[in-house]
Each structure stands twice: as C-alpha cells, then as structure tokens.
Amino acid sequence: MSRPPLTRDEVLTAAAHLVKRHGPDALTMRRLAADLGTAVTSIYWHVGNRESLLDALVERTVADLGEIRPRGATPHARVVSVARALRRQLRAHPHLVAMVHERGLTERMFLPAQQALVREVHAAGLRGVRAADAVRAVQFLVVGHVLVERNRERSPVQRPGEGDLWGEQAEKDTAPGSDRALARALAAPVDPERVFTTSVSALVKSLLAAGT
C-alpha cells in the first residue's frame, strides 16, 4: 500500500517533534527525511532549505501561542487561566521558544497573550499605566517561573537537598511555637504547578484590587 502524499504540515510537525526531543542542532534535512520515511528532496520541495524550515517552525510557534483563550467566570480566574496556559506553552516547547528568541521575535510571540491579558484587566476596571503594569507583572512572573523551573531541572543533584535539610529540621524542631508542619511541607518534593498557581493567583488578586 502506497504512502499518502506528504504535506507541508506533516513536515513541520515532524520537525517540531525532532527539535522538542533533541534540540535545534539535531534538526537536519537528512534526519527529518528519515523520520518521515521519505526522500530528502521531498523535504526541500515542501519547506525549502533548513533556514526556511527553521523560519517556518518559528512562525508556527508564534501562531500556537496566539491560540491562548481565557477561561473562567471572573476577571481573576480568566487572567490566571491565561498565565497558566502561557506557562504550559513555554514549558512544552523550550527549544522552539529559544529559536523564536534567537530570531528576534520574542515580543511578537508574547503579543497574543498580552492582548488577552489586556482584555481581562480592562474588564476588571484597570486602565492606562495600571493596566500596562498588571499585564507586564503577570507576563514577567510567568517567564521568571519558567526560567526557575528549567534551572532546577538542569542543575546538578544537590547533596544535601532541600528535602534532607528540612526533613532534619522537622525531626528536631520541638521548641514551643515551632512549625513542624511547615518543615515537613518544605521537605516534600516541590510541586511547581501548585507554587505557580499560588504565586500568580496572589499577584492577580493584588493587581485587580486596584481596579475596584
């Protein structure tokens, strides 16, 4: 049975998966053709040379980030939902996001998320400088949190680790007024999603209060 004709979208999807798994340096036309089970000439016919392929991947990444849609019944919930969606997108495609940055399109990449945030802070009553500050505060929190997460994932194993240090504290801290529950919680593995949601929810609550 013959293979259906290859499409440009299939080529871009396969290229994106290759970059996601192995990084941009692993993306060669020969390797991509092998993954797709086709000839190198077919890849060139659909996307041009490697630089054209990278440009197309960047454009696609920018477009994907433009698909963020707020969810929730209140401005607070909707702003938090945009922040969470943006974090998920950035976390899911680190190499593609890095490629966007290298091509000088970072601000364009963030524009759709900024526009979604603008609509929600306007709905909450913020205007002008206060609205702009709120949008940037949420954006910077998301980016900063993603960078911290990535750094923790790539850092060497810590000995002793946070769990060891706080575990010892939980065992020996018996003084009146001590908070052993806090020590045990800090000894447990970090839940990045919970930390992020707690942080962005508190930030958004504070920012939107200025509009009421």
# chains A, B, ... in the order shown; residues from 1 in each chain; ligands from 1

$ residues_around --residues "region 30-44 of chain A" --least-positions-apart "6" --cutoff "10 Å" --atoms "only C-alpha atoms" --output "PyMOL selection string"
chain A and resi 3+6-8+10-12+14-15+17-18+50+52-53

$ write_last_selection --atoms "N, CA, C and O atoms" --output "PDB file, in the first residue's frame"
ATOM      1  N   ARG A   3       2.193   5.111   0.424  1.00  0.00           N
ATOM      2  CA  ARG A   3       2.027   6.134   1.461  1.00  0.00           C
ATOM      3  C   ARG A   3       1.296   7.337   0.876  1.00  0.00           C
ATOM      4  O   ARG A   3       1.577   7.746  -0.252  1.00  0.00           O
ATOM      5  N   LEU A   6       3.000  13.354   1.117  1.00  0.00           N
ATOM      6  CA  LEU A   6       3.461  14.134   2.261  1.00  0.00           C
ATOM      7  C   LEU A   6       2.959  15.568   2.158  1.00  0.00           C
ATOM      8  O   LEU A   6       2.868  16.131   1.067  1.00  0.00           O
ATOM      9  N   THR A   7       2.616  16.164   3.292  1.00  0.00           N
ATOM     10  CA  THR A   7       2.154  17.548   3.305  1.00  0.00           C
ATOM     11  C   THR A   7       3.149  18.432   4.060  1.00  0.00           C
ATOM     12  O   THR A   7       3.939  17.939   4.874  1.00  0.00           O
ATOM     13  N   ARG A   8       3.081  19.710   3.798  1.00  0.00           N
ATOM     14  CA  ARG A   8       3.938  20.669   4.493  1.00  0.00           C
ATOM     15  C   ARG A   8       3.688  20.624   6.000  1.00  0.00           C
ATOM     16  O   ARG A   8       4.613  20.691   6.801  1.00  0.00           O
ATOM     17  N   GLU A  10       2.735  18.111   7.814  1.00  0.00           N
ATOM     18  CA  GLU A  10       3.367  16.914   8.376  1.00  0.00           C
ATOM     19  C   GLU A  10       4.859  17.131   8.557  1.00  0.00           C
ATOM     20  O   GLU A  10       5.446  16.692   9.559  1.00  0.00           O
ATOM     21  N   VAL A  11       5.484  17.784   7.600  1.00  0.00           N
ATOM     22  CA  VAL A  11       6.918  18.060   7.697  1.00  0.00           C
ATOM     23  C   VAL A  11       7.201  18.956   8.902  1.00  0.00           C
ATOM     24  O   VAL A  11       8.116  18.688   9.697  1.00  0.00           O
ATOM     25  N   LEU A  12       6.404  20.006   9.075  1.00  0.00           N
ATOM     26  CA  LEU A  12       6.615  20.930  10.190  1.00  0.00           C
ATOM     27  C   LEU A  12       6.348  20.250  11.531  1.00  0.00           C
ATOM     28  O   LEU A  12       7.064  20.493  12.513  1.00  0.00           O
ATOM     29  N   ALA A  14       6.680  17.026  12.230  1.00  0.00           N
ATOM     30  CA  ALA A  14       7.802  16.120  12.492  1.00  0.00           C
ATOM     31  C   ALA A  14       9.046  16.899  12.907  1.00  0.00           C
ATOM     32  O   ALA A  14       9.783  16.485  13.808  1.00  0.00           O
ATOM     33  N   ALA A  15       9.293  18.026  12.269  1.00  0.00           N
ATOM     34  CA  ALA A  15      10.447  18.860  12.617  1.00  0.00           C
ATOM     35  C   ALA A  15      10.314  19.386  14.039  1.00  0.00           C
ATOM     36  O   ALA A  15      11.285  19.412  14.801  1.00  0.00           O
ATOM     37  N   HIS A  17       8.663  18.015  16.528  1.00  0.00           N
ATOM     38  CA  HIS A  17       8.887  16.898  17.452  1.00  0.00           C
ATOM     39  C   HIS A  17      10.380  16.580  17.575  1.00  0.00           C
ATOM     40  O   HIS A  17      10.871  16.282  18.672  1.00  0.00           O
ATOM     41  N   LEU A  18      11.089  16.669  16.465  1.00  0.00           N
ATOM     42  CA  LEU A  18      12.523  16.395  16.483  1.00  0.00           C
ATOM     43  C   LEU A  18      13.261  17.427  17.331  1.00  0.00           C
ATOM     44  O   LEU A  18      14.125  17.088  18.150  1.00  0.00           O
ATOM     45  N   ARG A  50      17.119  24.443   5.091  1.00  0.00           N
ATOM     46  CA  ARG A  50      17.000  24.325   6.550  1.00  0.00           C
ATOM     47  C   ARG A  50      16.618  25.650   7.187  1.00  0.00           C
ATOM     48  O   ARG A  50      15.824  25.688   8.130  1.00  0.00           O
ATOM     49  N   SER A  52      14.858  28.049   5.890  1.00  0.00           N
ATOM     50  CA  SER A  52      13.436  28.267   5.620  1.00  0.00           C
ATOM     51  C   SER A  52      12.578  27.403   6.539  1.00  0.00           C
ATOM     52  O   SER A  52      11.514  27.835   7.007  1.00  0.00           O
ATOM     53  N   LEU A  53      13.046  26.187   6.792  1.00  0.00           N
ATOM     54  CA  LEU A  53      12.330  25.292   7.701  1.00  0.00           C
ATOM     55  C   LEU A  53      12.304  25.877   9.113  1.00  0.00           C
ATOM     56  O   LEU A  53      11.258  25.880   9.776  1.00  0.00           O
TER      57      LEU A  53
END

$ residues_around --residues "Val148 (chain A)" --least-positions-apart "6" --cutoff "12 Å" --atoms "only C-alpha atoms" --output "PyMOL selection string"
chain A and resi 87+91+141-142+154-155+192+195-196

$ write_last_selection --atoms "C-alpha atoms" --output "PDB file, in the first residue's frame"
ATOM      1  CA  ARG A  87       3.405  28.759  31.214  1.00  0.00           C
ATOM      2  CA  ARG A  91       7.310  24.671  29.236  1.00  0.00           C
ATOM      3  CA  LEU A 141       6.038  36.246  36.672  1.00  0.00           C
ATOM      4  CA  VAL A 142       5.293  33.542  34.099  1.00  0.00           C
ATOM      5  CA  ARG A 154      19.145  21.186  34.745  1.00  0.00           C
ATOM      6  CA  SER A 155      21.086  21.867  37.942  1.00  0.00           C
ATOM      7  CA  PRO A 192       5.805  23.571  40.505  1.00  0.00           C
ATOM      8  CA  VAL A 195       3.703  27.028  43.550  1.00  0.00           C
ATOM      9  CA  PHE A 196       2.957  28.797  40.276  1.00  0.00           C
TER      10      PHE A 196
END

$ residues_around --residues "Val204 (chain A)" --least-positions-apart "3" --cutoff "8 Å" --atoms "only C-alpha atoms" --output "PyMOL selection string"
chain A and resi 76+79-80+134+138+200-201+207-208

$ write_last_selection --atoms "N, CA and C atoms" --output "PDB file, in the first residue's frame"
ATOM      1  N   HIS A  76     -10.385  37.634  37.590  1.00  0.00           N
ATOM      2  CA  HIS A  76      -9.283  36.982  38.306  1.00  0.00           C
ATOM      3  C   HIS A  76      -9.027  35.592  37.733  1.00  0.00           C
ATOM      4  N   VAL A  79      -7.605  35.818  34.072  1.00  0.00           N
ATOM      5  CA  VAL A  79      -6.197  36.229  33.999  1.00  0.00           C
ATOM      6  C   VAL A  79      -5.301  35.071  34.433  1.00  0.00           C
ATOM      7  N   VAL A  80      -5.665  34.405  35.525  1.00  0.00           N
ATOM      8  CA  VAL A  80      -4.881  33.263  35.996  1.00  0.00           C
ATOM      9  C   VAL A  80      -4.842  32.170  34.932  1.00  0.00           C
ATOM     10  N   ALA A 134      -0.048  45.763  35.179  1.00  0.00           N
ATOM     11  CA  ALA A 134      -0.627  44.462  35.525  1.00  0.00           C
ATOM     12  C   ALA A 134      -0.265  43.423  34.472  1.00  0.00           C
ATOM     13  N   VAL A 138       2.231  40.100  35.266  1.00  0.00           N
ATOM     14  CA  VAL A 138       1.829  38.706  35.054  1.00  0.00           C
ATOM     15  C   VAL A 138       2.778  38.025  34.066  1.00  0.00           C
ATOM     16  N   VAL A 200       0.753  33.250  41.114  1.00  0.00           N
ATOM     17  CA  VAL A 200       0.058  34.088  40.146  1.00  0.00           C
ATOM     18  C   VAL A 200      -1.319  34.494  40.668  1.00  0.00           C
ATOM     19  N   SER A 201      -1.963  33.618  41.438  1.00  0.00           N
ATOM     20  CA  SER A 201      -3.271  33.962  41.983  1.00  0.00           C
ATOM     21  C   SER A 201      -3.166  35.121  42.960  1.00  0.00           C
ATOM     22  N   LEU A 207      -3.261  42.888  42.017  1.00  0.00           N
ATOM     23  CA  LEU A 207      -3.286  43.819  40.882  1.00  0.00           C
ATOM     24  C   LEU A 207      -4.706  44.269  40.550  1.00  0.00           C
ATOM     25  N   LEU A 208      -5.648  43.336  40.541  1.00  0.00           N
ATOM     26  CA  LEU A 208      -7.006  43.681  40.159  1.00  0.00           C
ATOM     27  C   LEU A 208      -7.737  44.463  41.239  1.00  0.00           C
TER      28      LEU A 208
END

$ closest_residue --among "A:Leu126, A:Val58, A:Leu90, A:Ala98" --to "His145 (chain A)" --atoms "only C-alpha atoms"
A:Leu90

$ residues_around --residues "Asp64 (chain A)" --least-positions-apart "5" --cutoff "10 Å" --atoms "only C-alpha atoms" --output "PyMOL selection string"
chain A and resi 58-59+89+109+112

$ closest_residue --among "A:Ala131, A:Val62, A:Ala116, A:Ala77" --to "His101 (chain A)" --atoms "only C-alpha atoms"
A:Val62

$ select_by_dssp --residues "region 129-191 of chain A" --states "alpha helix (DSSP H)" --output "PyMOL selection string"
chain A and resi 129-154+162-172+180-187

$ atom_distance --atom1 "CA of Arg180 (chain A)" --atom2 "CA of Trp166 (chain A)"
9.4 Å

$ residues_around --residues "Ser81 (chain A)" --least-positions-apart "5" --cutoff "9 Å" --atoms "only C-alpha atoms" --output "ChimeraX atom specification"
/A:69-72,76,86

$ decode --residues "region 83-132 of chain A" --atoms "N, CA and C atoms" --output "tab-separated table (two decimals), in the first residue's frame"
chain	number	residue	atom	x	y	z
A	83	ALA	N	-2.31	33.05	32.30
A	83	ALA	CA	-0.96	32.85	32.83
A	83	ALA	C	-0.59	31.37	32.84
A	84	ARG	N	-1.52	30.54	33.27
A	84	ARG	CA	-1.24	29.10	33.32
A	84	ARG	C	-1.06	28.52	31.92
A	85	ALA	N	-1.88	28.97	30.98
A	85	ALA	CA	-1.76	28.49	29.61
A	85	ALA	C	-0.43	28.91	28.99
A	86	LEU	N	-0.02	30.16	29.24
A	86	LEU	CA	1.25	30.65	28.72
A	86	LEU	C	2.41	29.84	29.31
A	87	ARG	N	2.35	29.57	30.59
A	87	ARG	CA	3.40	28.76	31.21
A	87	ARG	C	3.46	27.38	30.58
A	88	ARG	N	2.31	26.75	30.37
A	88	ARG	CA	2.31	25.42	29.76
A	88	ARG	C	2.93	25.45	28.37
A	89	GLN	N	2.62	26.48	27.59
A	89	GLN	CA	3.16	26.58	26.24
A	89	GLN	C	4.68	26.74	26.28
A	90	LEU	N	5.16	27.61	27.15
A	90	LEU	CA	6.60	27.84	27.24
A	90	LEU	C	7.32	26.59	27.74
A	91	ARG	N	6.70	25.88	28.69
A	91	ARG	CA	7.31	24.67	29.24
A	91	ARG	C	7.32	23.54	28.20
A	92	ALA	N	6.30	23.50	27.36
A	92	ALA	CA	6.17	22.39	26.41
A	92	ALA	C	7.13	22.51	25.23
A	93	HIS	N	7.57	23.72	24.92
A	93	HIS	CA	8.38	23.92	23.71
A	93	HIS	C	9.62	24.78	23.99
A	94	PRO	N	10.46	24.38	24.92
A	94	PRO	CA	11.61	25.23	25.28
A	94	PRO	C	12.56	25.51	24.13
A	95	HIS	N	12.85	24.49	23.32
A	95	HIS	CA	13.80	24.70	22.22
A	95	HIS	C	13.19	25.58	21.12
A	96	LEU	N	11.91	25.39	20.86
A	96	LEU	CA	11.25	26.22	19.85
A	96	LEU	C	11.17	27.67	20.33
A	97	VAL	N	10.88	27.87	21.62
A	97	VAL	CA	10.83	29.21	22.17
A	97	VAL	C	12.21	29.86	22.08
A	98	ALA	N	13.26	29.08	22.33
A	98	ALA	CA	14.62	29.61	22.21
A	98	ALA	C	14.91	30.03	20.77
A	99	MET	N	14.41	29.27	19.81
A	99	MET	CA	14.60	29.63	18.40
A	99	MET	C	13.88	30.93	18.07
A	100	VAL	N	12.69	31.10	18.63
A	100	VAL	CA	11.96	32.36	18.42
A	100	VAL	C	12.78	33.52	18.95
A	101	HIS	N	13.34	33.34	20.13
A	101	HIS	CA	14.14	34.41	20.75
A	101	HIS	C	15.37	34.73	19.91
A	102	GLU	N	16.04	33.70	19.41
A	102	GLU	CA	17.25	33.91	18.61
A	102	GLU	C	16.95	34.68	17.32
A	103	ARG	N	15.74	34.57	16.82
A	103	ARG	CA	15.37	35.27	15.59
A	103	ARG	C	14.73	36.62	15.86
A	104	GLY	N	14.79	37.07	17.12
A	104	GLY	CA	14.33	38.41	17.45
A	104	GLY	C	12.82	38.58	17.41
A	105	LEU	N	12.07	37.48	17.65
A	105	LEU	CA	10.62	37.55	17.57
A	105	LEU	C	9.94	37.30	18.92
A	106	THR	N	10.69	37.45	20.01
A	106	THR	CA	10.13	37.17	21.33
A	106	THR	C	8.94	38.07	21.64
A	107	GLU	N	9.08	39.37	21.36
A	107	GLU	CA	7.98	40.29	21.68
A	107	GLU	C	6.74	39.96	20.86
A	108	ARG	N	6.94	39.59	19.61
A	108	ARG	CA	5.80	39.20	18.78
A	108	ARG	C	5.15	37.93	19.32
A	109	MET	N	5.97	37.02	19.83
A	109	MET	CA	5.45	35.77	20.37
A	109	MET	C	4.54	36.02	21.57
A	110	PHE	N	4.91	36.99	22.40
A	110	PHE	CA	4.13	37.26	23.61
A	110	PHE	C	2.93	38.16	23.36
A	111	LEU	N	2.86	38.80	22.19
A	111	LEU	CA	1.79	39.77	21.94
A	111	LEU	C	0.38	39.19	22.12
A	112	PRO	N	0.05	38.01	21.57
A	112	PRO	CA	-1.31	37.49	21.77
A	112	PRO	C	-1.68	37.30	23.24
A	113	ALA	N	-0.74	36.78	24.03
A	113	ALA	CA	-1.01	36.60	25.46
A	113	ALA	C	-1.19	37.96	26.13
A	114	GLN	N	-0.37	38.94	25.75
A	114	GLN	CA	-0.54	40.29	26.30
A	114	GLN	C	-1.91	40.86	25.95
A	115	GLN	N	-2.33	40.66	24.71
A	115	GLN	CA	-3.62	41.19	24.28
A	115	GLN	C	-4.77	40.53	25.05
A	116	ALA	N	-4.65	39.23	25.31
A	116	ALA	CA	-5.66	38.53	26.11
A	116	ALA	C	-5.69	39.09	27.52
A	117	LEU	N	-4.52	39.35	28.09
A	117	LEU	CA	-4.46	39.92	29.44
A	117	LEU	C	-5.03	41.33	29.47
A	118	VAL	N	-4.76	42.11	28.43
A	118	VAL	CA	-5.30	43.47	28.37
A	118	VAL	C	-6.82	43.45	28.44
A	119	ARG	N	-7.44	42.57	27.68
A	119	ARG	CA	-8.91	42.50	27.68
A	119	ARG	C	-9.44	42.18	29.07
A	120	GLU	N	-8.74	41.31	29.79
A	120	GLU	CA	-9.24	40.91	31.11
A	120	GLU	C	-9.00	41.99	32.17
A	121	VAL	N	-7.86	42.66	32.12
A	121	VAL	CA	-7.64	43.71	33.13
A	121	VAL	C	-8.53	44.91	32.84
A	122	HIS	N	-8.85	45.15	31.57
A	122	HIS	CA	-9.84	46.18	31.25
A	122	HIS	C	-11.20	45.81	31.83
A	123	ALA	N	-11.57	44.56	31.71
A	123	ALA	CA	-12.85	44.10	32.26
A	123	ALA	C	-12.89	44.25	33.77
A	124	ALA	N	-11.71	44.19	34.41
A	124	ALA	CA	-11.63	44.35	35.87
A	124	ALA	C	-11.56	45.82	36.29
A	125	GLY	N	-11.55	46.74	35.32
A	125	GLY	CA	-11.57	48.16	35.64
A	125	GLY	C	-10.24	48.85	35.61
A	126	LEU	N	-9.19	48.15	35.23
A	126	LEU	CA	-7.87	48.80	35.15
A	126	LEU	C	-7.70	49.45	33.79
A	127	ARG	N	-7.10	50.63	33.78
A	127	ARG	CA	-6.84	51.34	32.54
A	127	ARG	C	-5.45	51.95	32.59
A	128	GLY	N	-4.97	52.35	31.42
A	128	GLY	CA	-3.72	53.11	31.34
A	128	GLY	C	-2.53	52.41	31.93
A	129	VAL	N	-1.74	53.17	32.71
A	129	VAL	CA	-0.50	52.66	33.28
A	129	VAL	C	-0.75	51.47	34.20
A	130	ARG	N	-1.83	51.55	34.99
A	130	ARG	CA	-2.13	50.43	35.90
A	130	ARG	C	-2.40	49.15	35.13
A	131	ALA	N	-3.11	49.26	34.03
A	131	ALA	CA	-3.39	48.09	33.21
A	131	ALA	C	-2.11	47.54	32.60
A	132	ALA	N	-1.26	48.44	32.08
A	132	ALA	CA	0.01	48.01	31.48
A	132	ALA	C	0.90	47.34	32.52
